[in-house]
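Engineer: Starting off with a structure, shown below.
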Amino acid sequence: MFICFYKDGKTRTYTKGKKSKFLEKRVLIISAKNTYYIRESFPNTSYENLKNIIKNYVEDLYQDQSMDFCFNIAKIYENSIRVNIFVYKSEILQEVKKEFDFNYVLAEPLCFKSYQNEIVVYKDDLYNILALTKDGLYAYLQMEDFSQEYFDLFLKSLGDFEPKNTVKYEHKLQPVFLDFIDKINLKHYKVSSAFKIDEDFVFRIMIYFLLGYIGALYVNHTYYQDQIKKISYLDDKLRPFIKTSLQEQTPKKNYKKGFLKEYNAQVVKIDPIFIMDNMAKHIKKGEYITQADIKPKNPTTPQANFNISTKSPIRFLESISKDKCIKDFNLESPLMSNPQQIYNVNMKMEFYCNEECKACL
């Protein structure tokens, strides 16, 4: 795990655990000092709905500023959910992204978790007081100077939270959260990056795609030839055992043509080159196809799955809906944006197979 800690415009990097060349987690931690903390309750709903509710809530609070946020669920009640929200300036992400390509973002207090209810206190410019549970952060308090009175009020505000003990950390050379972050499930703090592409990359992808396409055609051709040889072999073997009278009365069958005719009647073969060319008409500057799954053979209707990275999902979907070669399409997941306001459109599409579109071979 690679960690970048942002504080007051400066960054420091750390490594946790063994280094891995594959699927390495790159985590951006934003100092509590550079966030705004909100403790709030919302109606009990699904995680995705809750995320959208908080997004609208933050936008209403900071109408004149570009802000992002991260949060965790402190406790779930029968009709409500209490959450800890940390809001920070969007420009922090843009600034860090220039030097550290992260795929997870969370505020410093969200890095903490305890196997039992406890209070953690440490000072890093400011006093940080955290109430922790086995699920993570329960509540948070920040003070410029430690006050026993405010500390006692904080404990009373925790309601039915009963701490087993209080742990105080003295000044350390490294941030205290590094001792805890291994316990945290980072799943809900994942962010997706805009798909970066260059001309060399496009060229390589197209070469690989064409080689794969040619290979698929070769495999299909070989399969057809093998089936035809088997049919011809059986025909030669059985012919001597058929009575002459039957041979005269029954017309000869062309097994090769019959096999191909039956196969072609059952299977629709899609042209991947056409599909990619057709999709390119709907892609504008700054938008990318991040994943394409085109099924070359389909028993009924040509199909394809695409992931599109775009800042204007409505424009893209309107463009798709007007395409005469697209029979139907469905979104495979909800439209969600990352902190850079880039949407990932995951869709399944069906194409018409006719002369006008020439989507099929």
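To be explicit about the labels: the chains of the structure tokens are called A, B, and onward in the order shown, and within each one the residues are counted from 1, while ligands get numbers from 1 in the order they are shown.
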Residues at most 9 Å from Gln142 in chain A, counting only C-alpha atoms, excluding those fewer than 5 positions away in the same chain, as a ChimeraX atom specification?

Structural biologist: /A:32-33,126-130

Engineer: Those selected residues, please, written with C-alpha atoms and delivered as a PDB file, in the first residue's frame.

Structural biologist:
```pdb
ATOM      1  CA  ALA A  32      -8.011  16.420   9.615  1.00  0.00           C
ATOM      2  CA  LYS A  33      -6.692  19.969   9.767  1.00  0.00           C
ATOM      3  CA  LEU A 126      -4.299  20.339  16.946  1.00  0.00           C
ATOM      4  CA  TYR A 127      -5.738  17.879  19.457  1.00  0.00           C
ATOM      5  CA  ASN A 128      -7.625  15.032  17.795  1.00  0.00           C
ATOM      6  CA  ILE A 129     -10.089  13.057  19.895  1.00  0.00           C
ATOM      7  CA  LEU A 130     -11.695   9.979  18.338  1.00  0.00           C
TER       8      LEU A 130
END
```

Engineer: Need the shell around Asn344 in chain A: protein/DNA/RNA residues with any atom at most 9 Å away, counting only C-alpha atoms. Skip same-chain ones fewer than 6 positions apart. Format as a ChimeraX atom specification?

Structural biologist: /A:192,290,307-311,313,334-338

Engineer: Between A:Ile314, A:Met347, A:Cys4, A:Val96, which has the minimum distance to Arg26 in chain A (counting only C-alpha atoms)?

Structural biologist: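 Under the stated criterion, the closest residue is A:Cys4.
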
Engineer: How far is it from CA of Met67 in chain A to CA of Tyr88 in chain A, in Å with one decimal?

Structural biologist: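 Going from CA of Met67 in chain A over to CA of Tyr88 in chain A, I get 5.7 Å.
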
Engineer: Which residues come within 10 Å of Lys284 in chain A, counting only C-alpha atoms, excluding same-chain residues fewer than 2 positions away, as a CSV table (one decimal) with C-alpha atoms, in the first residue's frame?

Structural biologist:
```
chain,number,residue,atom,x,y,z
A,280,ALA,CA,-16.8,6.4,-32.3
A,281,LYS,CA,-19.5,8.7,-33.7
A,282,HIS,CA,-20.9,9.2,-30.3
A,286,GLY,CA,-12.4,14.1,-23.4
A,287,GLU,CA,-14.6,11.0,-23.5
A,288,TYR,CA,-13.2,7.4,-23.7
A,310,THR,CA,-17.7,10.9,-19.8
A,312,SER,CA,-21.8,14.5,-20.0
A,315,ARG,CA,-25.6,14.0,-23.9
A,316,PHE,CA,-24.0,10.6,-24.6
```

Engineer: Take CA of Asp60 in chain A and CA of Leu110 in chain A and report the distance between them in Å, one decimal.

Structural biologist: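 These two atoms are separated by 23.2 Å.
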
Engineer: Can you pull out the residues contacting Leu137 in chain A? Cut-off 9 Å, using only C-alpha atoms, and skip same-chain residues under 5 positions away; I want them as a list in words.

Structural biologist: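 Non-adjacent residues within range: Asn72, Ile73, Ala74, Asn84, Pro109, Leu110, Cys111, Phe112, Lys113, Ser114, Leu130, Ala131 and Leu132 of chain A.
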
Engineer: Could you please take those selected residues and save C-alpha atoms as a PDB file, in the first residue's frame?

Structural biologist:
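Result file is part07.pdb:
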```pdb
ATOM      1  CA  ASN A  72     -18.460   6.545   7.157  1.00  0.00           C
ATOM      2  CA  ILE A  73     -21.515   5.118   8.876  1.00  0.00           C
ATOM      3  CA  ALA A  74     -21.221   5.521  12.639  1.00  0.00           C
ATOM      4  CA  ASN A  84     -19.424  11.184  10.027  1.00  0.00           C
ATOM      5  CA  PRO A 109      -9.861  10.397  11.211  1.00  0.00           C
ATOM      6  CA  LEU A 110     -11.482   7.725   9.022  1.00  0.00           C
ATOM      7  CA  CYS A 111      -8.239   5.710   9.082  1.00  0.00           C
ATOM      8  CA  PHE A 112      -8.858   4.650  12.686  1.00  0.00           C
ATOM      9  CA  LYS A 113     -10.559   1.526  13.977  1.00  0.00           C
ATOM     10  CA  SER A 114     -10.494  -0.425  17.249  1.00  0.00           C
ATOM     11  CA  LEU A 130     -11.695   9.979  18.338  1.00  0.00           C
ATOM     12  CA  ALA A 131     -14.340   7.603  19.614  1.00  0.00           C
ATOM     13  CA  LEU A 132     -13.685   4.256  17.912  1.00  0.00           C
TER      14      LEU A 132
END
```
